[in-house]
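Asks: Below is a structure I'd like to ask you about.
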Amino acid sequence: MTPDDTLAPRAAALGRPASAEISLHFFSGPRASLVKGYATLPFHTDGQSGTHYRGHPGARTAFPRLNYKERMNNTSIAGLQSMIVVSPQTPRERERRSGPSVDASRDFGNPTTVASAKPTALPGACRALIGTVRTMKARTMKRRATHRLHFLWLSAGLFAGCVSVGPNYHRPPVETPPAFKEAEGWKIAAPRDAEPRGNWWDIYKDPDLDALMRQVQISNQNVLLAVARYEQAVGLLGSARAGYYPTVTADVSTTRSQSTATTTPSSVVTSKSRTVTLDRASLGVSWDIDVWGRIRRTVESNSDAAQASAGDLASALLSAQATLAQSYFQLRVIDLDIGLLERSMGAFQRALDVTQNRYTAGVAQRSDVTQAQTQLESTRAQLLDLSIARATLEHAIAVLVGRPPATVSIPRTDKIAAMPDIPLSLPSELLERRPDIAAAERRAASANAQIGVAVAAYFPDLTLTGSGGYENTSFTRLFELPNRFWSVGPQLAQTLFDGGARRSAKKQAIAVYDQNVATYRQTVLTAFQNVEDDLTTLKILAKEEIAERAAADAAAETLRITENQYKAGTVDYLNVVSAQNASLTAERAARDITSRALTASVNLLMSLGGGWTVDSLPH
C-alpha cells in the first residue's frame, strides 16, 4: 500500500492535492497520572512530486487507552496501519503548518529521534513506529527495574537502621558458695562422672524400677500436661516470628446496594432509585517494619518463655520420676516389713503353742496363754495395716505411670536396691544441672525482653501497605484491565497522648522482671538448701542405720535368751513378750531407716538435676 493508493482518490474527490499525518499517543502509568509520549510521522503527497514528510502537531490522533502490556504486545504493522488517520490537506494548510521534517517521539520526557525524513512508503513509516515502541518499552522496563532497585535499597536501609530498644539481658548474679557445707566425705564428680551414662535411676540396678520409669514419660498425665504447655509456648513463639514477614490477604465480595436521588425541579419533589451490584476481587499486603525492635524483642521474650516451659517440662518429668522411685522403694520396704511380720507371726504362733502345752501340763499360767495370743493378734493387725499401705502405694504407682490402678499389680519380693554411691557436683555446676533453676532464669530473660517491648511503644510504628485487584458492576467482565485498581504506601503511626499508659506499662514490665529475678535467686537458694538437706539426711541416716542395725541384733539376741529362760522356767512369759516386741520394733525401725535412706538418695539425685543439663534446652 502506498500513499498515492490511499490519498489520491480522496484528494481527487475534494478537488485538491492529498496530505496526511500519522500521529500516535502513548499513555503510560495509572490513569490518575497519565504521561503522554507522541510519535508523529506526518507526510503529504500531491500525486506528482512523490511523498514528503512534514511536521503536523495539530493533526495528532491518539491510540485507544490501553495498558502498557497490551500496547506493547498488541502493536504490529497491521495494528499501526489500522490506527492511522489520514487527513487531506490543502497546499495552503501545508504551507502554514511547515515544521521540521520529523517530529521527536517522547517517552516520559526523554526525546528519541525517529528516522530522518525522506520519501518512503507507508509500511516503512510503520516500521519506524514499531522501532519507537520497542525503544519506549525498553526504557520503561529499565526505569521499572531502577524503581525496584531503589525500593530494595530503601528496605535494606530501613533494616540496617533497625535497633532494639530496651535493656539487653545479662544473667542476674547470685551468690554461689565454693562448696557444699555438708559435702565432707562425699566424692566430687570428675568430668567423666558428669557425662550422661543413661537414665539416672540406673544407679539402683533394679529392672522392675526401670520398666516403670519408662512409662512415666509417655503416660504420666502431669508430664503430658507440661508437654502441652511447652507446645503452646512454641506456638506462641511461632506467632511472634510471623511478625517478621508481611501479611497477605485475599478478598472476593459482591455487594448489591440501592441509592435514592431526590430532585425538586419546579417545586415538584422527584425521587429516583438506583440499584447497583459491585463485584470486587483484591489482594492486600501489610508489613510492619520492625524499626525499633518491638517484634524482635517479642520473639526474644517468647523464645525465652519457650525455653522456660521446656525447663518446666524437665522439672515435671524429673518430679514424676522421683515420686515414682520413692513410692517404689517404700513399697519394697513394706514388702520387707510384711515378710518380717509374717515370720514373726510364725514365731509367735509357735510360742503360743508351747505356752498352751505348758498350760495344759500345769506348768504355765493361763495369763501366759492370753499374753501369747495377744502378741500374735497384734502382729496380725500390723500385717493387715501394712497391706493397706502397700495397696495404696501400688495404686499411686499406677497413676504415676498413667494407668488405671486396677490394671497394675506389682508382685512382692524380698529384694531391695542397695544404697548407691552418688557423686556430688559443685554448687556452681548446680545452676546448669537443675531444670527449675534454668526455667526461672529463662523467665527472667523473657521478662527483660518485655521491657524492650514496652519501651518500643514510645516510638512510631512504620507499616507498608498495598492492595490491588479488580472492581466492576459485572462479574463476567470483572478481570478486564480497565477495572484494575491498586494502591501502595507507607504508614507512620505515633501515639501522642495516652494518659501515662506507656509509662505504666514500662513500670509494670520492670516490676515483672524484678519479680522473676527474685524468683530465680530464691530458686537457686532453695536448690542449695535441698542439696544440703539431703546430704545431711544421708550422712546422719548412714550413722543411724549402723546404730539401729546393732540395736536390732541385740534385741534378737535378747529374745533368744529370754525364750530359753522361759523354757527353763526361770522367767515368766511377760519377759518373753517384752523381748518379742523389742525385737520386732528394732527390726521395723531398721527397715524404716532403709526406706528413708533410699528416699533421701532419690531426693539428692533430683536436687542435683537427675543427670539433666542446661544444654538440653531447645534452641
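Here, A, B, ... name the chains of the C-alpha cells in the order displayed, residue numbers run from 1 inside each chain, and ligands are numbered from 1 in the same displayed order.
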Could you name the residues that touch range 279-282 of chain A at 10 Å or less, counting only C-alpha atoms, but leaving out those on the same chain fewer than 6 positions away, as a ChimeraX atom specification?
Replies: /A:249-256,467-479,483-486
Asks: Determine which residues of range 259-411 of chain A receive a DSSP assignment of helix (DSSP H, G or I), computed from the backbone, and state them as a CSV table (one decimal) with N, CA, C and O atoms, in the first residue's frame.
Replies:
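Below is the file out-v1.csv, written as the result:
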```csv
chain,number,residue,atom,x,y,z
A,265,PRO,N,-37.3,20.0,40.8
A,265,PRO,CA,-37.5,21.0,39.7
A,265,PRO,C,-38.9,21.5,39.8
A,265,PRO,O,-39.9,20.7,39.9
A,266,SER,N,-39.0,22.8,39.6
A,266,SER,CA,-40.4,23.5,39.6
A,266,SER,C,-41.2,23.1,40.8
A,266,SER,O,-42.4,22.9,40.7
A,267,SER,N,-40.6,23.1,41.9
A,267,SER,CA,-41.3,22.8,43.2
A,267,SER,C,-41.9,21.5,43.3
A,267,SER,O,-42.8,21.3,44.1
A,294,ARG,N,10.5,-3.9,68.3
A,294,ARG,CA,9.4,-4.4,69.0
A,294,ARG,C,9.2,-5.9,68.7
A,294,ARG,O,9.0,-6.7,69.6
A,295,ILE,N,9.2,-6.3,67.4
A,295,ILE,CA,8.9,-7.6,67.0
A,295,ILE,C,10.1,-8.5,67.5
A,295,ILE,O,9.9,-9.6,68.0
A,296,ARG,N,11.3,-8.0,67.4
A,296,ARG,CA,12.5,-8.8,67.8
A,296,ARG,C,12.5,-9.1,69.3
A,296,ARG,O,12.8,-10.2,69.7
A,297,ARG,N,12.1,-8.0,70.1
A,297,ARG,CA,12.0,-8.2,71.5
A,297,ARG,C,10.9,-9.2,71.9
A,297,ARG,O,11.0,-10.0,72.8
A,298,THR,N,9.8,-9.1,71.1
A,298,THR,CA,8.7,-10.1,71.4
A,298,THR,C,9.1,-11.5,71.1
A,298,THR,O,8.8,-12.4,71.8
A,299,VAL,N,9.8,-11.7,70.0
A,299,VAL,CA,10.3,-13.0,69.6
A,299,VAL,C,11.3,-13.5,70.7
A,299,VAL,O,11.3,-14.7,71.1
A,300,GLU,N,12.2,-12.6,71.1
A,300,GLU,CA,13.2,-12.9,72.2
A,300,GLU,C,12.4,-13.3,73.4
A,300,GLU,O,12.8,-14.3,74.1
A,301,SER,N,11.4,-12.6,73.8
A,301,SER,CA,10.7,-12.9,75.0
A,301,SER,C,10.0,-14.3,74.9
A,301,SER,O,10.0,-15.1,75.8
A,302,ASN,N,9.3,-14.5,73.8
A,302,ASN,CA,8.6,-15.8,73.6
A,302,ASN,C,9.6,-17.0,73.5
A,302,ASN,O,9.3,-18.1,73.9
A,303,SER,N,10.8,-16.7,72.9
A,303,SER,CA,11.8,-17.8,72.8
A,303,SER,C,12.3,-18.2,74.2
A,303,SER,O,12.4,-19.4,74.6
A,304,ASP,N,12.5,-17.1,75.0
A,304,ASP,CA,13.0,-17.4,76.4
A,304,ASP,C,11.8,-18.1,77.2
A,304,ASP,O,12.1,-19.0,78.0
A,305,ALA,N,10.6,-17.7,77.0
A,305,ALA,CA,9.4,-18.3,77.6
A,305,ALA,C,9.3,-19.8,77.2
A,305,ALA,O,9.0,-20.7,78.0
A,306,ALA,N,9.6,-20.1,75.9
A,306,ALA,CA,9.5,-21.5,75.5
A,306,ALA,C,10.6,-22.3,76.1
A,306,ALA,O,10.4,-23.5,76.5
A,307,GLN,N,11.8,-21.7,76.3
A,307,GLN,CA,12.8,-22.4,77.0
A,307,GLN,C,12.5,-22.7,78.4
A,307,GLN,O,12.8,-23.7,79.0
A,308,ALA,N,11.9,-21.7,79.1
A,308,ALA,CA,11.4,-21.8,80.4
A,308,ALA,C,10.4,-22.9,80.5
A,308,ALA,O,10.4,-23.7,81.5
A,309,SER,N,9.5,-23.0,79.5
A,309,SER,CA,8.5,-24.1,79.5
A,309,SER,C,9.1,-25.4,79.3
A,309,SER,O,8.7,-26.4,79.9
A,310,ALA,N,10.2,-25.5,78.5
A,310,ALA,CA,11.0,-26.7,78.4
A,310,ALA,C,11.6,-27.1,79.7
A,310,ALA,O,11.7,-28.3,80.1
A,311,GLY,N,12.1,-26.1,80.5
A,311,GLY,CA,12.6,-26.4,81.8
A,311,GLY,C,11.5,-26.9,82.7
A,311,GLY,O,11.8,-27.8,83.5
A,312,ASP,N,10.3,-26.3,82.6
A,312,ASP,CA,9.2,-26.8,83.4
A,312,ASP,C,8.9,-28.3,83.1
A,312,ASP,O,8.5,-29.1,84.0
A,313,LEU,N,8.9,-28.6,81.8
A,313,LEU,CA,8.7,-30.0,81.4
A,313,LEU,C,9.7,-30.9,82.0
A,313,LEU,O,9.3,-32.0,82.5
A,314,ALA,N,11.0,-30.5,81.9
A,314,ALA,CA,12.0,-31.4,82.5
A,314,ALA,C,11.8,-31.5,84.0
A,314,ALA,O,12.0,-32.6,84.6
A,315,SER,N,11.4,-30.4,84.7
A,315,SER,CA,11.1,-30.5,86.1
A,315,SER,C,10.0,-31.4,86.4
A,315,SER,O,10.0,-32.2,87.4
A,316,ALA,N,8.9,-31.3,85.6
A,316,ALA,CA,7.7,-32.2,85.8
A,316,ALA,C,8.1,-33.6,85.6
A,316,ALA,O,7.7,-34.5,86.4
A,317,LEU,N,8.9,-33.9,84.6
A,317,LEU,CA,9.3,-35.3,84.3
A,317,LEU,C,10.2,-35.8,85.5
A,317,LEU,O,10.0,-36.9,86.0
A,318,LEU,N,11.1,-35.0,85.9
A,318,LEU,CA,12.0,-35.4,87.0
A,318,LEU,C,11.2,-35.6,88.3
A,318,LEU,O,11.5,-36.5,89.0
A,319,SER,N,10.3,-34.7,88.5
A,319,SER,CA,9.5,-34.8,89.8
A,319,SER,C,8.6,-36.1,89.7
A,319,SER,O,8.6,-36.8,90.7
A,320,ALA,N,8.0,-36.4,88.6
A,320,ALA,CA,7.2,-37.6,88.5
A,320,ALA,C,8.1,-38.9,88.6
A,320,ALA,O,7.7,-39.8,89.3
A,321,GLN,N,9.3,-38.8,88.0
A,321,GLN,CA,10.2,-40.0,88.1
A,321,GLN,C,10.7,-40.2,89.6
A,321,GLN,O,10.7,-41.3,90.1
A,322,ALA,N,11.0,-39.1,90.2
A,322,ALA,CA,11.4,-39.1,91.6
A,322,ALA,C,10.3,-39.7,92.5
A,322,ALA,O,10.6,-40.5,93.4
A,323,THR,N,9.1,-39.2,92.3
A,323,THR,CA,8.0,-39.6,93.1
A,323,THR,C,7.7,-41.1,92.9
A,323,THR,O,7.5,-41.9,93.9
A,324,LEU,N,7.9,-41.6,91.6
A,324,LEU,CA,7.7,-43.0,91.3
A,324,LEU,C,8.8,-43.8,92.0
A,324,LEU,O,8.5,-44.8,92.6
A,325,ALA,N,10.0,-43.3,92.0
A,325,ALA,CA,11.1,-44.1,92.6
A,325,ALA,C,10.9,-44.2,94.1
A,325,ALA,O,11.1,-45.2,94.7
A,326,GLN,N,10.5,-43.1,94.7
A,326,GLN,CA,10.3,-43.1,96.2
A,326,GLN,C,9.1,-44.0,96.5
A,326,GLN,O,9.2,-44.8,97.5
A,327,SER,N,8.1,-43.9,95.8
A,327,SER,CA,6.9,-44.8,96.0
A,327,SER,C,7.3,-46.3,95.9
A,327,SER,O,6.9,-47.2,96.6
A,328,TYR,N,8.1,-46.5,94.8
A,328,TYR,CA,8.5,-47.9,94.6
A,328,TYR,C,9.4,-48.4,95.7
A,328,TYR,O,9.2,-49.6,96.2
A,329,PHE,N,10.3,-47.6,96.2
A,329,PHE,CA,11.2,-48.1,97.3
A,329,PHE,C,10.4,-48.2,98.6
A,329,PHE,O,10.7,-49.2,99.4
A,330,GLN,N,9.5,-47.4,98.8
A,330,GLN,CA,8.6,-47.5,100.0
A,330,GLN,C,7.8,-48.8,99.9
A,330,GLN,O,7.6,-49.5,100.9
A,331,LEU,N,7.3,-49.1,98.7
A,331,LEU,CA,6.6,-50.4,98.6
A,331,LEU,C,7.5,-51.6,98.8
A,331,LEU,O,7.1,-52.6,99.4
A,332,ARG,N,8.7,-51.5,98.3
A,332,ARG,CA,9.7,-52.6,98.6
A,332,ARG,C,10.0,-52.7,100.1
A,332,ARG,O,10.2,-53.9,100.6
A,333,VAL,N,10.1,-51.7,100.8
A,333,VAL,CA,10.4,-51.7,102.2
A,333,VAL,C,9.2,-52.3,102.9
A,333,VAL,O,9.3,-53.1,103.9
A,334,ILE,N,8.0,-52.0,102.5
A,334,ILE,CA,6.8,-52.6,103.1
A,334,ILE,C,6.8,-54.1,102.8
A,334,ILE,O,6.3,-54.9,103.7
A,335,ASP,N,7.2,-54.5,101.6
A,335,ASP,CA,7.3,-55.9,101.4
A,335,ASP,C,8.3,-56.6,102.4
A,335,ASP,O,8.0,-57.7,102.9
A,336,LEU,N,9.4,-55.9,102.7
A,336,LEU,CA,10.3,-56.4,103.7
A,336,LEU,C,9.6,-56.5,105.1
A,336,LEU,O,9.7,-57.5,105.8
A,337,ASP,N,8.8,-55.5,105.4
A,337,ASP,CA,8.1,-55.5,106.7
A,337,ASP,C,7.0,-56.6,106.7
A,337,ASP,O,6.8,-57.2,107.8
A,338,ILE,N,6.4,-56.7,105.6
A,338,ILE,CA,5.4,-57.8,105.6
A,338,ILE,C,6.0,-59.2,105.8
A,338,ILE,O,5.5,-60.0,106.5
A,339,GLY,N,7.2,-59.4,105.1
A,339,GLY,CA,7.9,-60.6,105.3
A,339,GLY,C,8.3,-60.8,106.8
A,339,GLY,O,8.2,-61.9,107.4
A,340,LEU,N,8.8,-59.7,107.4
A,340,LEU,CA,9.2,-59.7,108.8
A,340,LEU,C,8.0,-60.0,109.7
A,340,LEU,O,8.1,-60.9,110.6
A,341,LEU,N,6.9,-59.4,109.5
A,341,LEU,CA,5.7,-59.7,110.3
A,341,LEU,C,5.2,-61.1,110.1
A,341,LEU,O,4.7,-61.8,111.1
A,342,GLU,N,5.3,-61.6,108.9
A,342,GLU,CA,4.8,-63.0,108.6
A,342,GLU,C,5.7,-64.0,109.4
A,342,GLU,O,5.3,-65.0,110.0
A,343,ARG,N,7.0,-63.7,109.3
A,343,ARG,CA,7.9,-64.6,110.1
A,343,ARG,C,7.7,-64.5,111.6
A,343,ARG,O,7.8,-65.4,112.3
A,344,SER,N,7.4,-63.2,112.0
A,344,SER,CA,7.2,-63.0,113.4
A,344,SER,C,5.9,-63.7,113.9
A,344,SER,O,5.8,-64.3,115.0
A,345,MET,N,4.9,-63.7,113.0
A,345,MET,CA,3.6,-64.4,113.3
A,345,MET,C,3.9,-65.9,113.4
A,345,MET,O,3.3,-66.5,114.3
A,346,GLY,N,4.7,-66.4,112.6
A,346,GLY,CA,5.0,-67.8,112.7
A,346,GLY,C,5.7,-68.2,114.0
A,346,GLY,O,5.4,-69.2,114.7
A,347,ALA,N,6.6,-67.3,114.4
A,347,ALA,CA,7.3,-67.5,115.7
A,347,ALA,C,6.4,-67.3,116.9
A,347,ALA,O,6.4,-68.1,117.8
A,348,PHE,N,5.5,-66.3,116.8
A,348,PHE,CA,4.5,-66.1,117.8
A,348,PHE,C,3.5,-67.3,117.9
A,348,PHE,O,3.0,-67.6,119.0
A,349,GLN,N,3.2,-67.8,116.8
A,349,GLN,CA,2.3,-69.0,116.8
A,349,GLN,C,2.9,-70.2,117.5
A,349,GLN,O,2.2,-70.9,118.3
A,350,ARG,N,4.2,-70.3,117.2
A,350,ARG,CA,4.9,-71.5,117.8
A,350,ARG,C,5.0,-71.2,119.3
A,350,ARG,O,4.9,-72.1,120.2
A,351,ALA,N,5.2,-70.0,119.7
A,351,ALA,CA,5.3,-69.6,121.1
A,351,ALA,C,4.0,-69.8,121.8
A,351,ALA,O,3.9,-70.3,123.0
A,352,LEU,N,2.9,-69.5,121.1
A,352,LEU,CA,1.6,-69.7,121.7
A,352,LEU,C,1.3,-71.2,121.9
A,352,LEU,O,0.7,-71.6,122.9
A,353,ASP,N,1.7,-72.0,120.9
A,353,ASP,CA,1.5,-73.5,121.1
A,353,ASP,C,2.3,-74.0,122.3
A,353,ASP,O,1.8,-74.9,123.0
A,354,VAL,N,3.5,-73.6,122.4
A,354,VAL,CA,4.4,-74.0,123.6
A,354,VAL,C,3.7,-73.6,124.9
A,354,VAL,O,3.6,-74.4,125.8
A,355,THR,N,3.2,-72.4,124.9
A,355,THR,CA,2.6,-71.9,126.1
A,355,THR,C,1.3,-72.6,126.4
A,355,THR,O,1.0,-73.0,127.6
A,356,GLN,N,0.6,-73.0,125.4
A,356,GLN,CA,-0.7,-73.7,125.6
A,356,GLN,C,-0.4,-75.1,126.1
A,356,GLN,O,-1.1,-75.6,127.0
A,357,ASN,N,0.7,-75.7,125.6
A,357,ASN,CA,1.1,-77.1,126.1
A,357,ASN,C,1.5,-77.0,127.5
A,357,ASN,O,1.2,-77.9,128.3
A,358,ARG,N,2.3,-76.0,127.9
A,358,ARG,CA,2.7,-75.8,129.2
A,358,ARG,C,1.6,-75.6,130.2
A,358,ARG,O,1.6,-76.1,131.3
A,359,TYR,N,0.6,-74.8,129.6
A,359,TYR,CA,-0.6,-74.6,130.5
A,359,TYR,C,-1.4,-75.9,130.7
A,359,TYR,O,-1.9,-76.1,131.8
A,360,THR,N,-1.5,-76.7,129.6
A,360,THR,CA,-2.2,-78.0,129.7
A,360,THR,C,-1.5,-78.9,130.7
A,360,THR,O,-2.1,-79.6,131.5
A,366,ARG,N,-2.5,-69.4,133.0
A,366,ARG,CA,-3.5,-69.0,132.0
A,366,ARG,C,-3.1,-67.7,131.4
A,366,ARG,O,-3.3,-67.4,130.2
A,367,SER,N,-2.5,-66.8,132.2
A,367,SER,CA,-2.1,-65.5,131.7
A,367,SER,C,-1.0,-65.5,130.7
A,367,SER,O,-1.0,-64.7,129.7
A,368,ASP,N,-0.2,-66.6,130.7
A,368,ASP,CA,0.9,-66.7,129.7
A,368,ASP,C,0.3,-67.0,128.3
A,368,ASP,O,0.7,-66.5,127.3
A,369,VAL,N,-0.8,-67.8,128.4
A,369,VAL,CA,-1.5,-68.2,127.1
A,369,VAL,C,-2.2,-66.9,126.5
A,369,VAL,O,-2.1,-66.6,125.3
A,370,THR,N,-2.8,-66.2,127.3
A,370,THR,CA,-3.5,-64.9,126.8
A,370,THR,C,-2.5,-63.9,126.3
A,370,THR,O,-2.7,-63.2,125.3
A,371,GLN,N,-1.4,-63.8,127.0
A,371,GLN,CA,-0.3,-62.9,126.5
A,371,GLN,C,0.2,-63.3,125.2
A,371,GLN,O,0.5,-62.5,124.3
A,372,ALA,N,0.4,-64.6,125.0
A,372,ALA,CA,0.9,-65.1,123.7
A,372,ALA,C,-0.1,-64.9,122.6
A,372,ALA,O,0.2,-64.5,121.5
A,373,GLN,N,-1.4,-65.1,122.9
A,373,GLN,CA,-2.5,-64.8,121.9
A,373,GLN,C,-2.5,-63.3,121.6
A,373,GLN,O,-2.7,-62.9,120.4
A,374,THR,N,-2.4,-62.5,122.6
A,374,THR,CA,-2.4,-61.0,122.4
A,374,THR,C,-1.2,-60.6,121.4
A,374,THR,O,-1.4,-59.8,120.5
A,375,GLN,N,-0.1,-61.1,121.7
A,375,GLN,CA,1.1,-60.8,120.8
A,375,GLN,C,0.9,-61.2,119.4
A,375,GLN,O,1.2,-60.5,118.4
A,376,LEU,N,0.3,-62.4,119.2
A,376,LEU,CA,0.0,-62.9,117.8
A,376,LEU,C,-1.0,-62.1,117.1
A,376,LEU,O,-0.8,-61.7,115.9
A,377,GLU,N,-2.1,-61.8,117.7
A,377,GLU,CA,-3.1,-61.0,117.1
A,377,GLU,C,-2.7,-59.5,116.8
A,377,GLU,O,-3.1,-58.9,115.8
A,378,SER,N,-1.9,-59.0,117.7
A,378,SER,CA,-1.4,-57.7,117.5
A,378,SER,C,-0.5,-57.6,116.3
A,378,SER,O,-0.6,-56.7,115.4
A,379,THR,N,0.3,-58.6,116.1
A,379,THR,CA,1.2,-58.7,114.9
A,379,THR,C,0.4,-58.9,113.7
A,379,THR,O,0.7,-58.3,112.6
A,380,ARG,N,-0.7,-59.7,113.8
A,380,ARG,CA,-1.6,-59.9,112.6
A,380,ARG,C,-2.2,-58.5,112.2
A,380,ARG,O,-2.3,-58.3,111.0
A,381,ALA,N,-2.6,-57.7,113.2
A,381,ALA,CA,-3.2,-56.4,112.9
A,381,ALA,C,-2.2,-55.5,112.2
A,381,ALA,O,-2.5,-54.8,111.2
A,382,GLN,N,-0.9,-55.6,112.6
A,382,GLN,CA,0.1,-54.8,111.9
A,382,GLN,C,0.3,-55.2,110.5
A,382,GLN,O,0.5,-54.4,109.6
A,383,LEU,N,0.2,-56.5,110.3
A,383,LEU,CA,0.4,-57.1,108.9
A,383,LEU,C,-0.8,-56.6,108.0
A,383,LEU,O,-0.5,-56.2,106.9
A,384,LEU,N,-2.0,-56.6,108.5
A,384,LEU,CA,-3.1,-56.1,107.7
A,384,LEU,C,-3.0,-54.6,107.4
A,384,LEU,O,-3.3,-54.2,106.4
A,385,ASP,N,-2.5,-53.9,108.4
A,385,ASP,CA,-2.3,-52.4,108.2
A,385,ASP,C,-1.2,-52.2,107.1
A,385,ASP,O,-1.4,-51.3,106.3
A,386,LEU,N,-0.2,-53.0,107.1
A,386,LEU,CA,0.8,-52.9,106.0
A,386,LEU,C,0.2,-53.2,104.7
A,386,LEU,O,0.6,-52.6,103.6
A,387,SER,N,-0.7,-54.1,104.6
A,387,SER,CA,-1.4,-54.5,103.4
A,387,SER,C,-2.1,-53.3,102.8
A,387,SER,O,-2.1,-53.0,101.6
A,388,ILE,N,-2.7,-52.5,103.7
A,388,ILE,CA,-3.4,-51.3,103.2
A,388,ILE,C,-2.4,-50.3,102.6
A,388,ILE,O,-2.6,-49.7,101.5
A,389,ALA,N,-1.3,-50.1,103.3
A,389,ALA,CA,-0.2,-49.1,102.8
A,389,ALA,C,0.3,-49.6,101.5
A,389,ALA,O,0.6,-48.8,100.6
A,390,ARG,N,0.5,-50.9,101.4
A,390,ARG,CA,1.1,-51.5,100.1
A,390,ARG,C,0.1,-51.2,99.0
A,390,ARG,O,0.5,-50.9,97.9
A,391,ALA,N,-1.1,-51.5,99.2
A,391,ALA,CA,-2.1,-51.4,98.1
A,391,ALA,C,-2.2,-49.9,97.7
A,391,ALA,O,-2.3,-49.6,96.5
A,392,THR,N,-2.1,-49.0,98.7
A,392,THR,CA,-2.2,-47.5,98.4
A,392,THR,C,-1.0,-47.1,97.5
A,392,THR,O,-1.1,-46.4,96.6
A,393,LEU,N,0.2,-47.6,97.9
A,393,LEU,CA,1.4,-47.3,97.1
A,393,LEU,C,1.3,-47.9,95.7
A,393,LEU,O,1.7,-47.2,94.7
A,394,GLU,N,0.8,-49.1,95.6
A,394,GLU,CA,0.6,-49.7,94.3
A,394,GLU,C,-0.3,-48.9,93.4
A,394,GLU,O,-0.1,-48.7,92.2
A,395,HIS,N,-1.4,-48.4,94.0
A,395,HIS,CA,-2.3,-47.5,93.2
A,395,HIS,C,-1.7,-46.2,92.8
A,395,HIS,O,-1.9,-45.7,91.7
A,396,ALA,N,-0.9,-45.6,93.7
A,396,ALA,CA,-0.2,-44.4,93.4
A,396,ALA,C,0.8,-44.6,92.2
A,396,ALA,O,0.9,-43.8,91.3
A,397,ILE,N,1.5,-45.7,92.2
A,397,ILE,CA,2.4,-46.1,91.1
A,397,ILE,C,1.7,-46.2,89.8
A,397,ILE,O,2.1,-45.8,88.7
A,398,ALA,N,0.5,-46.8,89.9
A,398,ALA,CA,-0.3,-47.0,88.7
A,398,ALA,C,-0.7,-45.6,88.1
A,398,ALA,O,-0.6,-45.4,86.8
A,399,VAL,N,-1.1,-44.7,88.9
A,399,VAL,CA,-1.4,-43.3,88.4
A,399,VAL,C,-0.2,-42.6,87.9
A,399,VAL,O,-0.2,-41.9,86.9
A,400,LEU,N,1.0,-42.8,88.5
A,400,LEU,CA,2.2,-42.2,88.0
A,400,LEU,C,2.6,-42.7,86.6
A,400,LEU,O,3.2,-41.9,85.9
A,405,PRO,N,-5.5,-48.0,88.3
A,405,PRO,CA,-5.0,-48.9,89.4
A,405,PRO,C,-5.4,-50.3,89.2
A,405,PRO,O,-4.6,-51.2,89.6
A,406,ALA,N,-6.6,-50.6,88.7
A,406,ALA,CA,-7.0,-52.0,88.6
A,406,ALA,C,-6.1,-52.8,87.6
A,406,ALA,O,-6.1,-54.0,87.7
A,407,THR,N,-5.4,-52.1,86.7
A,407,THR,CA,-4.6,-52.8,85.7
A,407,THR,C,-3.1,-53.0,86.1
A,407,THR,O,-2.4,-53.6,85.3
```
Asks: I'd like to know which of A:Ser219, A:Leu224, A:Pro618, A:Ala552 is closest to Arg591 in chain A, using only C-alpha atoms.
Replies: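 Looking only at the distances to Arg591 in chain A, the closest residue turns out to be A:Ala552.
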Asks: Please, which residues of range 445-592 of chain A, numbered as in this document, come out strand (DSSP E) from DSSP, as a PyMOL selection string?
Replies: chain A and resi 461-472+484-493
